[in-house]
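**Q** Sharing final_2.txt (compact mmCIF, C-alpha atoms (C1' of nucleotides)) below.
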# COMPACT_ATOMS: atom_id res chain seq x y z
CA MET A 3 -2.73 -4.79 2.65
CA PRO A 4 0.39 -3.01 1.53
CA GLU A 5 1.69 0.04 3.30
CA LEU A 6 5.40 0.36 4.04
CA PRO A 7 5.49 -2.35 6.73
CA GLU A 8 3.74 -4.93 4.58
CA VAL A 9 6.04 -4.19 1.64
CA GLU A 10 9.09 -4.45 3.87
CA VAL A 11 7.83 -7.71 5.38
CA THR A 12 7.32 -9.02 1.86
CA ARG A 13 10.84 -7.99 0.91
CA ARG A 14 12.32 -9.75 3.91
CA GLY A 15 10.14 -12.77 3.27
CA ILE A 16 11.13 -13.41 -0.32
CA ALA A 17 14.74 -12.17 -0.42
CA PRO A 18 16.46 -15.11 1.30
CA ALA A 19 15.03 -17.62 -1.15
CA LEU A 20 15.61 -15.58 -4.30
CA VAL A 21 18.69 -13.37 -4.05
CA GLY A 22 21.59 -14.90 -5.94
CA GLN A 23 19.35 -17.15 -8.01
CA ARG A 24 18.92 -17.15 -11.77
CA VAL A 25 15.66 -16.84 -13.64
CA LEU A 26 14.42 -19.79 -15.64
CA SER A 27 11.29 -18.26 -17.12
CA ALA A 28 8.66 -15.59 -16.75
CA ASP A 29 4.95 -15.67 -17.47
CA PHE A 30 2.47 -12.83 -17.83
CA ARG A 31 -1.24 -13.68 -17.90
CA VAL A 32 -2.80 -10.24 -18.33
CA PRO A 33 -1.77 -7.36 -20.59
CA ALA A 34 -1.58 -4.74 -17.86
CA LEU A 35 -2.02 -3.80 -14.24
CA ARG A 36 -1.95 -0.03 -13.62
CA TYR A 37 0.53 0.10 -16.50
CA PRO A 38 1.20 -2.34 -19.36
CA LEU A 39 3.26 -5.31 -18.17
CA PRO A 40 6.77 -5.87 -19.59
CA HIS A 41 5.88 -8.92 -21.67
CA ASP A 42 9.27 -8.84 -23.40
CA LEU A 43 10.78 -10.14 -20.15
CA VAL A 44 9.59 -13.58 -21.21
CA THR A 45 12.64 -13.60 -23.45
CA ARG A 46 14.88 -11.05 -21.68
CA LEU A 47 14.78 -12.28 -18.09
CA PRO A 48 15.74 -15.98 -18.31
CA GLY A 49 19.40 -16.49 -17.40
CA GLN A 50 19.66 -13.29 -15.42
CA ARG A 51 20.78 -13.42 -11.79
CA LEU A 52 18.90 -11.59 -9.06
CA ALA A 53 21.50 -9.50 -7.23
CA SER A 54 19.35 -7.80 -4.60
CA ILE A 55 15.87 -6.85 -3.49
CA THR A 56 15.51 -3.35 -2.09
CA ARG A 57 12.60 -1.10 -1.20
CA ARG A 58 11.90 2.55 -1.95
CA GLY A 59 8.67 3.69 -0.35
CA LYS A 60 6.10 1.07 -1.28
CA TYR A 61 8.05 -0.02 -4.35
CA LEU A 62 10.09 -3.21 -4.42
CA LEU A 63 13.15 -3.16 -6.67
CA LEU A 64 14.63 -6.42 -7.89
CA GLN A 65 18.06 -5.84 -9.36
CA PHE A 66 19.05 -8.18 -12.21
CA ASP A 67 22.06 -8.28 -14.56
CA THR A 68 20.78 -5.89 -17.21
CA GLY A 69 18.10 -3.98 -15.33
CA ASN A 70 15.57 -3.88 -12.54
CA LEU A 71 12.11 -5.16 -11.91
CA LEU A 72 9.97 -2.56 -10.15
CA ILE A 73 6.95 -3.90 -8.31
CA HIS A 74 4.16 -2.01 -6.57
CA LEU A 75 1.41 -3.95 -4.81
CA GLY A 76 -1.28 -1.28 -5.06
CA MET A 77 -4.28 -1.89 -2.81
CA SER A 78 -4.66 -5.63 -3.18
CA GLY A 79 -1.35 -7.01 -4.42
CA SER A 80 0.72 -9.74 -2.81
CA LEU A 81 3.83 -11.74 -3.63
CA ARG A 82 4.28 -15.37 -2.68
CA LEU A 83 6.79 -18.12 -3.16
CA LEU A 84 5.49 -21.40 -4.48
CA PRO A 85 6.88 -24.57 -5.99
CA ALA A 86 6.66 -24.49 -9.78
CA GLY A 87 3.60 -26.27 -11.09
CA VAL A 88 0.99 -24.90 -8.70
CA VAL A 89 -1.95 -23.86 -10.86
CA ALA A 90 -2.42 -20.12 -11.05
CA ASP A 91 -5.59 -18.69 -9.55
CA LYS A 92 -7.84 -16.15 -11.24
CA HIS A 93 -5.87 -13.08 -10.14
CA ASP A 94 -2.37 -14.55 -10.24
CA HIS A 95 -1.08 -12.33 -13.02
CA VAL A 96 2.68 -12.84 -13.11
CA ASP A 97 5.10 -15.70 -12.39
CA VAL A 98 8.88 -15.49 -12.32
CA VAL A 99 10.41 -18.94 -12.06
CA PHE A 100 13.88 -19.24 -10.50
CA GLU A 101 16.23 -22.16 -10.96
CA ALA A 102 16.72 -22.70 -7.23
CA PRO A 103 14.59 -25.36 -5.62
CA LEU A 104 12.17 -24.13 -3.01
CA VAL A 105 13.32 -25.00 0.48
CA ALA A 106 10.81 -24.28 3.20
CA LYS A 107 12.74 -23.48 6.35
CA ASN A 108 9.68 -23.64 8.56
CA SER A 109 8.04 -26.51 6.82
CA VAL A 110 8.65 -30.20 7.05
CA ALA A 111 7.65 -30.57 3.43
CA LYS A 112 10.40 -29.80 0.96
CA SER A 113 9.91 -29.53 -2.72
CA SER A 114 12.43 -30.29 -5.41
CA ALA A 115 10.48 -28.13 -7.83
CA ASN A 116 11.82 -24.74 -8.84
CA VAL A 117 10.66 -21.73 -6.87
CA VAL A 118 8.14 -19.36 -8.38
CA LEU A 119 7.65 -15.74 -7.37
CA ARG A 120 3.95 -15.14 -8.01
CA LEU A 121 2.24 -11.76 -8.13
CA ARG A 122 -1.45 -11.70 -7.30
CA ASP A 123 -3.47 -8.51 -7.55
CA PRO A 124 -7.28 -8.74 -7.83
CA ARG A 125 -7.90 -5.03 -8.24
CA ARG A 126 -4.92 -4.50 -10.54
CA PHE A 127 -3.96 -1.17 -9.02
CA GLY A 128 -0.43 -2.49 -8.67
CA ALA A 129 2.43 -2.19 -11.13
CA MET A 130 5.34 -4.11 -12.57
CA LEU A 131 7.82 -2.31 -14.75
CA TRP A 132 11.25 -3.07 -16.17
CA LEU A 133 13.89 -0.38 -15.67
CA ASP A 134 16.84 -0.98 -17.97
CA GLY A 135 20.35 -0.46 -16.61
CA ASP A 136 21.61 1.11 -13.41
CA LEU A 137 19.23 1.18 -10.44
CA GLY A 138 20.89 4.17 -8.82
CA HIS A 139 20.24 6.23 -11.89
CA HIS A 140 16.55 5.29 -11.91
CA LEU A 141 16.15 6.15 -8.22
CA GLY A 142 17.08 9.70 -9.07
CA HIS A 143 15.53 10.00 -12.50
CA HIS A 144 12.64 7.62 -13.08
CA ALA A 145 9.28 9.39 -13.18
CA LEU A 146 7.82 7.19 -10.43
CA LEU A 147 10.88 7.07 -8.18
CA ALA A 148 12.46 10.51 -8.45
CA VAL A 149 9.36 12.24 -7.09
CA LEU A 150 9.20 10.14 -3.91
CA GLY A 151 9.50 11.76 -0.51
CA ILE A 152 11.71 10.98 2.46
CA GLU A 153 11.98 7.48 3.96
CA PRO A 154 10.37 7.66 7.41
CA LEU A 155 12.66 5.07 9.00
CA THR A 156 15.80 7.14 8.48
CA ASP A 157 17.62 9.63 10.72
CA GLU A 158 17.05 12.36 8.14
CA PHE A 159 13.34 12.11 8.92
CA ASN A 160 13.19 14.08 12.17
CA GLY A 161 11.21 16.86 13.80
CA ALA A 162 13.24 19.65 12.22
CA TRP A 163 12.85 18.16 8.76
CA LEU A 164 9.11 17.74 9.20
CA LYS A 165 8.69 21.26 10.56
CA ARG A 166 10.43 22.63 7.46
CA GLU A 167 8.41 20.40 5.14
CA LEU A 168 5.06 21.44 6.60
CA THR A 169 5.72 25.16 6.96
CA GLY A 170 2.92 27.18 5.41
CA LEU A 171 0.66 24.21 4.69
CA LYS A 172 -3.00 24.71 5.47
CA ALA A 173 -4.07 21.18 4.59
CA ALA A 174 -4.99 18.72 7.33
CA ILE A 175 -2.11 16.71 8.76
CA LYS A 176 -3.62 13.29 8.07
CA PRO A 177 -3.87 13.41 4.26
CA THR A 178 -0.56 15.28 4.24
CA LEU A 179 1.16 12.39 6.03
CA MET A 180 -0.15 10.10 3.31
CA ASP A 181 1.33 12.18 0.47
CA GLY A 182 4.13 10.04 -0.91
CA HIS A 183 5.78 13.04 -2.48
CA ARG A 184 6.59 14.30 1.02
CA ILE A 185 6.97 11.11 3.09
CA VAL A 186 6.78 7.61 1.61
CA GLY A 187 5.09 4.57 3.01
CA ILE A 188 2.46 5.97 5.36
CA GLY A 189 -0.94 4.78 4.15
CA ASN A 190 -4.43 5.10 5.54
CA ILE A 191 -3.93 2.75 8.48
CA TYR A 192 -0.61 4.02 9.76
CA ALA A 193 -1.60 7.67 9.29
CA SER A 194 -4.49 7.21 11.73
CA GLU A 195 -2.43 5.08 14.08
CA SER A 196 0.55 7.44 14.21
CA LEU A 197 -1.64 10.49 14.83
CA PHE A 198 -3.45 8.69 17.62
CA ARG A 199 -0.19 7.80 19.33
CA ALA A 200 1.01 11.38 18.95
CA GLY A 201 -2.23 12.83 20.33
CA ILE A 202 -2.75 15.02 17.27
CA HIS A 203 -6.20 15.55 15.75
CA PRO A 204 -6.20 14.37 12.11
CA ARG A 205 -7.76 17.63 10.93
CA THR A 206 -5.11 19.90 12.44
CA ALA A 207 -3.59 22.22 9.84
CA ALA A 208 -0.20 20.69 9.04
CA GLY A 209 1.62 24.01 9.08
CA ARG A 210 0.37 24.97 12.51
CA ILE A 211 1.75 22.09 14.56
CA SER A 212 4.59 22.99 16.91
CA LEU A 213 8.09 21.57 16.53
CA LYS A 214 7.68 19.79 19.83
CA ARG A 215 4.53 18.01 18.71
CA LEU A 216 6.08 17.18 15.33
CA GLU A 217 9.03 15.60 17.10
CA ARG A 218 6.55 13.46 18.97
CA LEU A 219 4.79 12.63 15.69
CA VAL A 220 8.03 11.56 14.03
CA ALA A 221 8.69 9.25 16.97
CA THR A 222 5.23 7.68 16.81
CA ILE A 223 5.46 7.21 13.04
CA LYS A 224 8.75 5.39 13.44
CA GLU A 225 7.57 3.27 16.34
CA THR A 226 4.28 2.41 14.62
CA LEU A 227 5.93 1.35 11.37
CA ALA A 228 8.65 -0.58 13.20
CA ALA A 229 6.12 -2.39 15.39
CA ALA A 230 4.06 -3.32 12.34
CA ILE A 231 7.11 -4.71 10.57
CA LEU A 232 7.90 -6.83 13.61
CA ALA A 233 4.32 -8.05 13.93
CA GLY A 234 4.05 -8.78 10.21
CA GLY A 235 7.35 -10.51 10.31
CA SER A 236 6.20 -12.84 13.00
CA SER A 237 3.21 -14.04 11.03
CA LEU A 238 4.62 -13.90 7.52
CA ARG A 239 8.07 -15.25 8.28
CA ASP A 240 7.29 -18.19 6.07
CA PHE A 241 6.18 -16.86 2.71
CA ILE A 242 5.88 -20.30 1.29
CA HIS A 243 2.19 -21.00 0.75
CA SER A 244 1.49 -17.80 2.60
CA ASP A 245 -1.72 -16.09 1.60
CA GLY A 246 -0.03 -12.72 1.75
CA SER A 247 -2.46 -11.43 4.32
CA SER A 248 -1.34 -8.81 6.78
CA GLY A 249 0.11 -9.87 10.06
CA TYR A 250 -0.89 -9.55 13.66
CA PHE A 251 -0.48 -5.80 13.88
CA GLN A 252 -4.25 -5.40 13.48
CA GLN A 253 -4.56 -6.58 17.07
CA GLN A 254 -2.57 -3.53 18.12
CA TYR A 255 -4.70 -0.91 16.36
CA PHE A 256 -5.66 2.01 18.59
CA ALA A 257 -7.98 3.70 16.14
CA TYR A 258 -8.16 2.17 12.67
CA GLY A 259 -11.41 0.31 12.09
CA ARG A 260 -12.50 0.72 15.72
CA THR A 261 -15.44 3.09 15.16
CA GLY A 262 -17.68 3.17 18.22
CA GLU A 263 -15.37 0.97 20.26
CA ALA A 264 -13.79 2.28 23.44
CA CYS A 265 -10.51 4.14 23.13
CA ARG A 266 -7.79 1.95 24.61
CA VAL A 267 -6.47 4.95 26.55
CA CYS A 268 -9.50 6.96 27.74
CA SER A 269 -12.49 4.71 26.94
CA HIS A 270 -14.26 7.35 24.86
CA PRO A 271 -15.74 5.88 21.67
CA ILE A 272 -13.45 6.04 18.63
CA ARG A 273 -14.88 8.30 15.95
CA GLU A 274 -14.81 8.02 12.17
CA MET A 275 -14.83 10.75 9.53
CA ARG A 276 -13.89 11.16 5.86
CA GLN A 277 -10.88 13.06 4.64
CA GLY A 278 -10.17 13.07 0.93
CA GLN A 279 -12.50 10.15 0.27
CA ARG A 280 -10.70 8.08 2.90
CA ALA A 281 -11.87 6.98 6.31
CA THR A 282 -10.07 8.53 9.27
CA PHE A 283 -10.32 7.09 12.78
CA PHE A 284 -9.50 9.04 15.92
CA CYS A 285 -10.26 9.68 19.56
CA ALA A 286 -11.71 13.15 20.04
CA ARG A 287 -10.55 13.21 23.65
CA CYS A 288 -6.96 11.98 23.22
CA GLN A 289 -6.31 13.84 19.97
CA ARG A 290 -6.46 17.64 19.90
C1' DA B 18 2.33 25.47 -5.51
C1' DA B 19 -1.45 23.91 -3.05
C1' DG B 20 -5.67 21.63 -2.36
C1' DG B 21 -9.57 18.81 -3.67
C1' DT B 22 -11.94 15.29 -6.57
C1' DA B 23 -12.58 11.51 -9.87
C1' DA B 24 -10.72 7.56 -11.84
C1' DC B 25 -8.65 2.97 -12.30
C1' DC B 26 -10.79 -2.48 -10.70
C1' DT B 27 -12.62 -6.61 -8.20
C1' DG B 28 -14.47 -8.70 -4.17
C1' DA B 29 -16.57 -8.69 0.36
C1' DC B 30 -20.10 -7.19 2.99
C1' DT B 31 -24.75 -4.92 4.23
C1' DG B 32 -29.49 -4.20 3.87
C1' DC B 33 -33.76 -4.81 1.61
C1' DT C 30 -31.16 -16.15 -2.90
C1' DG C 31 -30.60 -12.03 -5.38
C1' DC C 32 -29.60 -7.50 -6.21
C1' DA C 33 -28.09 -2.73 -5.35
C1' DG C 34 -25.24 -0.05 -2.86
C1' DT C 35 -21.01 0.78 -0.21
C1' DC C 36 -16.49 0.16 1.00
C1' DA C 37 -11.46 -1.42 0.84
C1' DG C 38 -4.46 -1.05 2.99
C1' DG C 39 -2.77 3.42 -3.44
C1' DT C 40 -1.60 6.59 -6.80
C1' DT C 41 -1.99 9.61 -10.77
C1' DA C 42 -4.42 12.89 -13.61
C1' DC C 43 -6.91 16.72 -13.80
C1' DC C 44 -9.46 20.46 -12.18
C1' DT C 45 -9.70 25.16 -9.53
Would you write the structure of this file as structure tokens?
**A**
Amino acid sequence: MPELPEVEVTRRGIAPALVGQRVLSADFRVPALRYPLPHDLVTRLPGQRLASITRRGKYLLLQFDTGNLLIHLGMSGSLRLLPAGVVADKHDHVDVVFEAPLVAKNSVAKSSANVVLRLRDPRRFGAMLWLDGDLGHHLGHHALLAVLGIEPLTDEFNGAWLKRELTGLKAAIKPTLMDGHRIVGIGNIYASESLFRAGIHPRTAAGRISLKRLERLVATIKETLAAAILAGGSSLRDFIHSDGSSGYFQQQYFAYGRTGEACRVCSHPIREMRQGQRATFFCARCQR
DNA sequence: AAGGTAACCTGACTGC
DNA sequence: TGCAGTCAGGTTACCT
């Protein structure tokens, strides 16, 4: 579920209900996800006010009084807002209870119970870490954050930047797009989708793509991510009781998961191959 | 530095 | 119905 658009949709979904609110309690039900969980937050977090929720790549950063909660959803993670008291399911690993009552804007039902931010992650590839002190410092110095690549939805991410970044690379463009140390947020779905829209074959050597085609690729990456955020936003606007599933953008896929189906542009069957243990989908006629 | 592979983990699905 | 095998939206660690 979570590439950049899904993480951003999650951020926008939970922020209005939580920002400005104080924590009442925290509960950890497993010792670790990808990394050990910060169990000491059970005593450290209560009383702290949530000042902001920001995103860096696929990481969510919740800024509190004395530090920051870093959350990564991995392959199967999701965050939901619930009224306190709802029994945790098998893979609901972390709860953070806020003192504000849950008010469902799009729901007739209102609850007077406190609102719970609940992290579910069946595969446990996700992460939750506590970063003490200043967030700005961690963005530049933390081992997980400092190594992150450029944000694709910024003006700095443009054709000239990408041309420079890819110069000399012999690796295929598709896995290169997914390398978070170069560009953050582009996962397996949006890599295939962006390359389809740009008309670039996924196996093209990254360093041998012209500036003109890279400018086109930058544009399709931005438009694909932006469209997915909009589509996700329309279905996940109400995070209360949401199942955290991805939004309606699936209906707009040109290539991903469409093996054997007709290309929406030229009607040739969409093909599937493996690159770096991951499935790649493309149209051999539209993408050269 | 670059490039490729295995590993982490559970659940859903396919085919026999 | 059961069981084995495969696959899944991510990332790091560890090879060459």
**Q** Please report as a PyMOL selection string which residues of chain B come no farther than 12 Å from chain A, using all atoms listed in the file.
**A** chain B and resi 18-28
**Q** Using all atoms listed in the file, which chain C residues lie at most 10 Å away from chain A, written as a short mmCIF file (atom, residue, chain, number, x, y, z; two decimals) with C-alpha atoms (C1' of nucleotides), in the coordinates of the input?
**A**
data_model
loop_
_atom_site.label_atom_id
_atom_site.label_comp_id
_atom_site.auth_asym_id
_atom_site.auth_seq_id
_atom_site.Cartn_x
_atom_site.Cartn_y
_atom_site.Cartn_z
"C1'" DC C 36 -16.49 0.16 1.00
"C1'" DA C 37 -11.46 -1.42 0.84
"C1'" DG C 38 -4.46 -1.05 2.99
"C1'" DG C 39 -2.77 3.42 -3.44
"C1'" DT C 40 -1.60 6.59 -6.80
#
**Q** Just to confirm, what's the straight-line distance from atom CA of Ser114 of chain A to atom CA of Val96 of chain A in Å (one decimal)?
**A** 21.4 Å
**Q** Take atom CA of Pro204 of chain A and atom CA of Leu6 of chain A and report the distance between them in Å, one decimal.
**A**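 Atom-to-atom, atom CA of Pro204 of chain A and atom CA of Leu6 of chain A are spaced 19.9 Å apart.
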**Q** Figure out the distance between atom CA of Cys285 of chain A and atom CA of Arg205 of chain A, please, to one decimal in Å.
**A**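 Calculated distance between atom CA of Arg205 of chain A and atom CA of Cys285 of chain A is 12.0 Å.
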**Q** Which polymer residues have any atom within 12 Å of an atom of DT35 of chain C, counting all atoms listed in the file, with same-chain residues fewer than 6 positions away left out, as a list of chain:residue names?
**A**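 Here the qualifying residues turn out to be B:DA29, B:DC30, B:DT31, B:DG32.
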**Q** Tell me which of A:Asp29, A:Glu217, A:Glu225, A:Glu195 sits closest to Val98 of chain A, counting all atoms listed in the file.
**A**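 Result for the nearest residue to Val98 of chain A: A:Asp29.
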**Q** Looking at A:Arg58, A:Arg120, A:Lys224, A:His144, which one is nearest to Phe159 of chain A, with distances taken over only C-alpha atoms?
**A**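 Looking only at the distances to Phe159 of chain A, the closest residue turns out to be A:Lys224.
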**Q** Can you fill out segment 196-207 of chain A with all heavy atoms and hand it back as a PDB file, in the frame of the given file?
**A**
ATOM      1  N   SER A 196      -0.538   6.562  13.759  1.00  0.00           N
ATOM      2  CA  SER A 196       0.550   7.440  14.210  1.00  0.00           C
ATOM      3  C   SER A 196       0.011   8.703  14.861  1.00  0.00           C
ATOM      4  O   SER A 196       0.544   9.172  15.874  1.00  0.00           O
ATOM      5  CB  SER A 196       1.449   7.818  13.023  1.00  0.00           C
ATOM      6  OG  SER A 196       2.009   6.667  12.429  1.00  0.00           O
ATOM      7  N   LEU A 197      -1.054   9.272  14.270  1.00  0.00           N
ATOM      8  CA  LEU A 197      -1.640  10.490  14.830  1.00  0.00           C
ATOM      9  C   LEU A 197      -2.289  10.207  16.184  1.00  0.00           C
ATOM     10  O   LEU A 197      -2.225  11.031  17.096  1.00  0.00           O
ATOM     11  CB  LEU A 197      -2.654  11.091  13.852  1.00  0.00           C
ATOM     12  CG  LEU A 197      -2.027  11.787  12.643  1.00  0.00           C
ATOM     13  CD1 LEU A 197      -3.079  12.110  11.596  1.00  0.00           C
ATOM     14  CD2 LEU A 197      -1.272  13.053  13.057  1.00  0.00           C
ATOM     15  N   PHE A 198      -2.892   9.038  16.304  1.00  0.00           N
ATOM     16  CA  PHE A 198      -3.450   8.690  17.620  1.00  0.00           C
ATOM     17  C   PHE A 198      -2.341   8.649  18.668  1.00  0.00           C
ATOM     18  O   PHE A 198      -2.446   9.256  19.728  1.00  0.00           O
ATOM     19  CB  PHE A 198      -4.153   7.323  17.568  1.00  0.00           C
ATOM     20  CG  PHE A 198      -4.655   6.900  18.928  1.00  0.00           C
ATOM     21  CD1 PHE A 198      -5.953   7.193  19.322  1.00  0.00           C
ATOM     22  CD2 PHE A 198      -3.807   6.261  19.829  1.00  0.00           C
ATOM     23  CE1 PHE A 198      -6.402   6.836  20.596  1.00  0.00           C
ATOM     24  CE2 PHE A 198      -4.244   5.906  21.103  1.00  0.00           C
ATOM     25  CZ  PHE A 198      -5.545   6.199  21.486  1.00  0.00           C
ATOM     26  N   ARG A 199      -1.282   7.951  18.353  1.00  0.00           N
ATOM     27  CA  ARG A 199      -0.190   7.800  19.330  1.00  0.00           C
ATOM     28  C   ARG A 199       0.463   9.135  19.665  1.00  0.00           C
ATOM     29  O   ARG A 199       1.021   9.302  20.747  1.00  0.00           O
ATOM     30  CB  ARG A 199       0.862   6.838  18.774  1.00  0.00           C
ATOM     31  CG  ARG A 199       0.371   5.392  18.648  1.00  0.00           C
ATOM     32  CD  ARG A 199       1.517   4.490  18.218  1.00  0.00           C
ATOM     33  NE  ARG A 199       1.061   3.115  17.969  1.00  0.00           N
ATOM     34  CZ  ARG A 199       1.830   2.042  18.195  1.00  0.00           C
ATOM     35  NH1 ARG A 199       3.048   2.185  18.670  1.00  0.00           N
ATOM     36  NH2 ARG A 199       1.365   0.828  17.934  1.00  0.00           N
ATOM     37  N   ALA A 200       0.403  10.075  18.707  1.00  0.00           N
ATOM     38  CA  ALA A 200       1.010  11.380  18.950  1.00  0.00           C
ATOM     39  C   ALA A 200       0.037  12.351  19.619  1.00  0.00           C
ATOM     40  O   ALA A 200       0.422  13.451  20.024  1.00  0.00           O
ATOM     41  CB  ALA A 200       1.505  11.978  17.629  1.00  0.00           C
ATOM     42  N   GLY A 201      -1.242  11.952  19.707  1.00  0.00           N
ATOM     43  CA  GLY A 201      -2.230  12.830  20.330  1.00  0.00           C
ATOM     44  C   GLY A 201      -2.583  14.043  19.491  1.00  0.00           C
ATOM     45  O   GLY A 201      -2.978  15.077  20.022  1.00  0.00           O
ATOM     46  N   ILE A 202      -2.458  13.897  18.176  1.00  0.00           N
ATOM     47  CA  ILE A 202      -2.750  15.020  17.270  1.00  0.00           C
ATOM     48  C   ILE A 202      -4.032  14.735  16.505  1.00  0.00           C
ATOM     49  O   ILE A 202      -4.191  13.658  15.918  1.00  0.00           O
ATOM     50  CB  ILE A 202      -1.583  15.219  16.277  1.00  0.00           C
ATOM     51  CG1 ILE A 202      -0.301  15.598  17.032  1.00  0.00           C
ATOM     52  CG2 ILE A 202      -1.936  16.282  15.229  1.00  0.00           C
ATOM     53  CD1 ILE A 202       0.944  15.617  16.161  1.00  0.00           C
ATOM     54  N   HIS A 203      -4.948  15.702  16.492  1.00  0.00           N
ATOM     55  CA  HIS A 203      -6.200  15.550  15.750  1.00  0.00           C
ATOM     56  C   HIS A 203      -5.908  15.503  14.257  1.00  0.00           C
ATOM     57  O   HIS A 203      -5.154  16.335  13.756  1.00  0.00           O
ATOM     58  CB  HIS A 203      -7.139  16.708  16.092  1.00  0.00           C
ATOM     59  CG  HIS A 203      -8.558  16.480  15.652  1.00  0.00           C
ATOM     60  ND1 HIS A 203      -8.932  16.486  14.329  1.00  0.00           N
ATOM     61  CD2 HIS A 203      -9.680  16.219  16.359  1.00  0.00           C
ATOM     62  CE1 HIS A 203     -10.228  16.247  14.245  1.00  0.00           C
ATOM     63  NE2 HIS A 203     -10.710  16.076  15.462  1.00  0.00           N
ATOM     64  N   PRO A 204      -6.524  14.555  13.537  1.00  0.00           N
ATOM     65  CA  PRO A 204      -6.200  14.370  12.110  1.00  0.00           C
ATOM     66  C   PRO A 204      -6.501  15.601  11.253  1.00  0.00           C
ATOM     67  O   PRO A 204      -5.952  15.731  10.158  1.00  0.00           O
ATOM     68  CB  PRO A 204      -7.106  13.206  11.688  1.00  0.00           C
ATOM     69  CG  PRO A 204      -7.473  12.519  12.957  1.00  0.00           C
ATOM     70  CD  PRO A 204      -7.469  13.551  14.030  1.00  0.00           C
ATOM     71  N   ARG A 205      -7.383  16.490  11.738  1.00  0.00           N
ATOM     72  CA  ARG A 205      -7.760  17.630  10.930  1.00  0.00           C
ATOM     73  C   ARG A 205      -6.909  18.876  11.219  1.00  0.00           C
ATOM     74  O   ARG A 205      -7.080  19.907  10.585  1.00  0.00           O
ATOM     75  CB  ARG A 205      -9.248  17.966  11.139  1.00  0.00           C
ATOM     76  CG  ARG A 205      -9.900  18.282   9.836  1.00  0.00           C
ATOM     77  CD  ARG A 205     -11.379  18.013   9.698  1.00  0.00           C
ATOM     78  NE  ARG A 205     -12.203  17.956  10.866  1.00  0.00           N
ATOM     79  CZ  ARG A 205     -13.396  17.363  10.871  1.00  0.00           C
ATOM     80  NH1 ARG A 205     -13.855  16.818   9.757  1.00  0.00           N
ATOM     81  NH2 ARG A 205     -14.124  17.330  11.954  1.00  0.00           N
ATOM     82  N   THR A 206      -5.978  18.764  12.140  1.00  0.00           N
ATOM     83  CA  THR A 206      -5.110  19.900  12.440  1.00  0.00           C
ATOM     84  C   THR A 206      -4.370  20.362  11.187  1.00  0.00           C
ATOM     85  O   THR A 206      -3.851  19.541  10.421  1.00  0.00           O
ATOM     86  CB  THR A 206      -4.054  19.498  13.503  1.00  0.00           C
ATOM     87  OG1 THR A 206      -4.710  18.838  14.579  1.00  0.00           O
ATOM     88  CG2 THR A 206      -3.301  20.722  13.998  1.00  0.00           C
ATOM     89  N   ALA A 207      -4.346  21.684  10.978  1.00  0.00           N
ATOM     90  CA  ALA A 207      -3.590  22.220   9.840  1.00  0.00           C
ATOM     91  C   ALA A 207      -2.122  21.849   9.986  1.00  0.00           C
ATOM     92  O   ALA A 207      -1.501  22.115  11.026  1.00  0.00           O
ATOM     93  CB  ALA A 207      -3.765  23.734   9.766  1.00  0.00           C
TER      94      ALA A 207
END
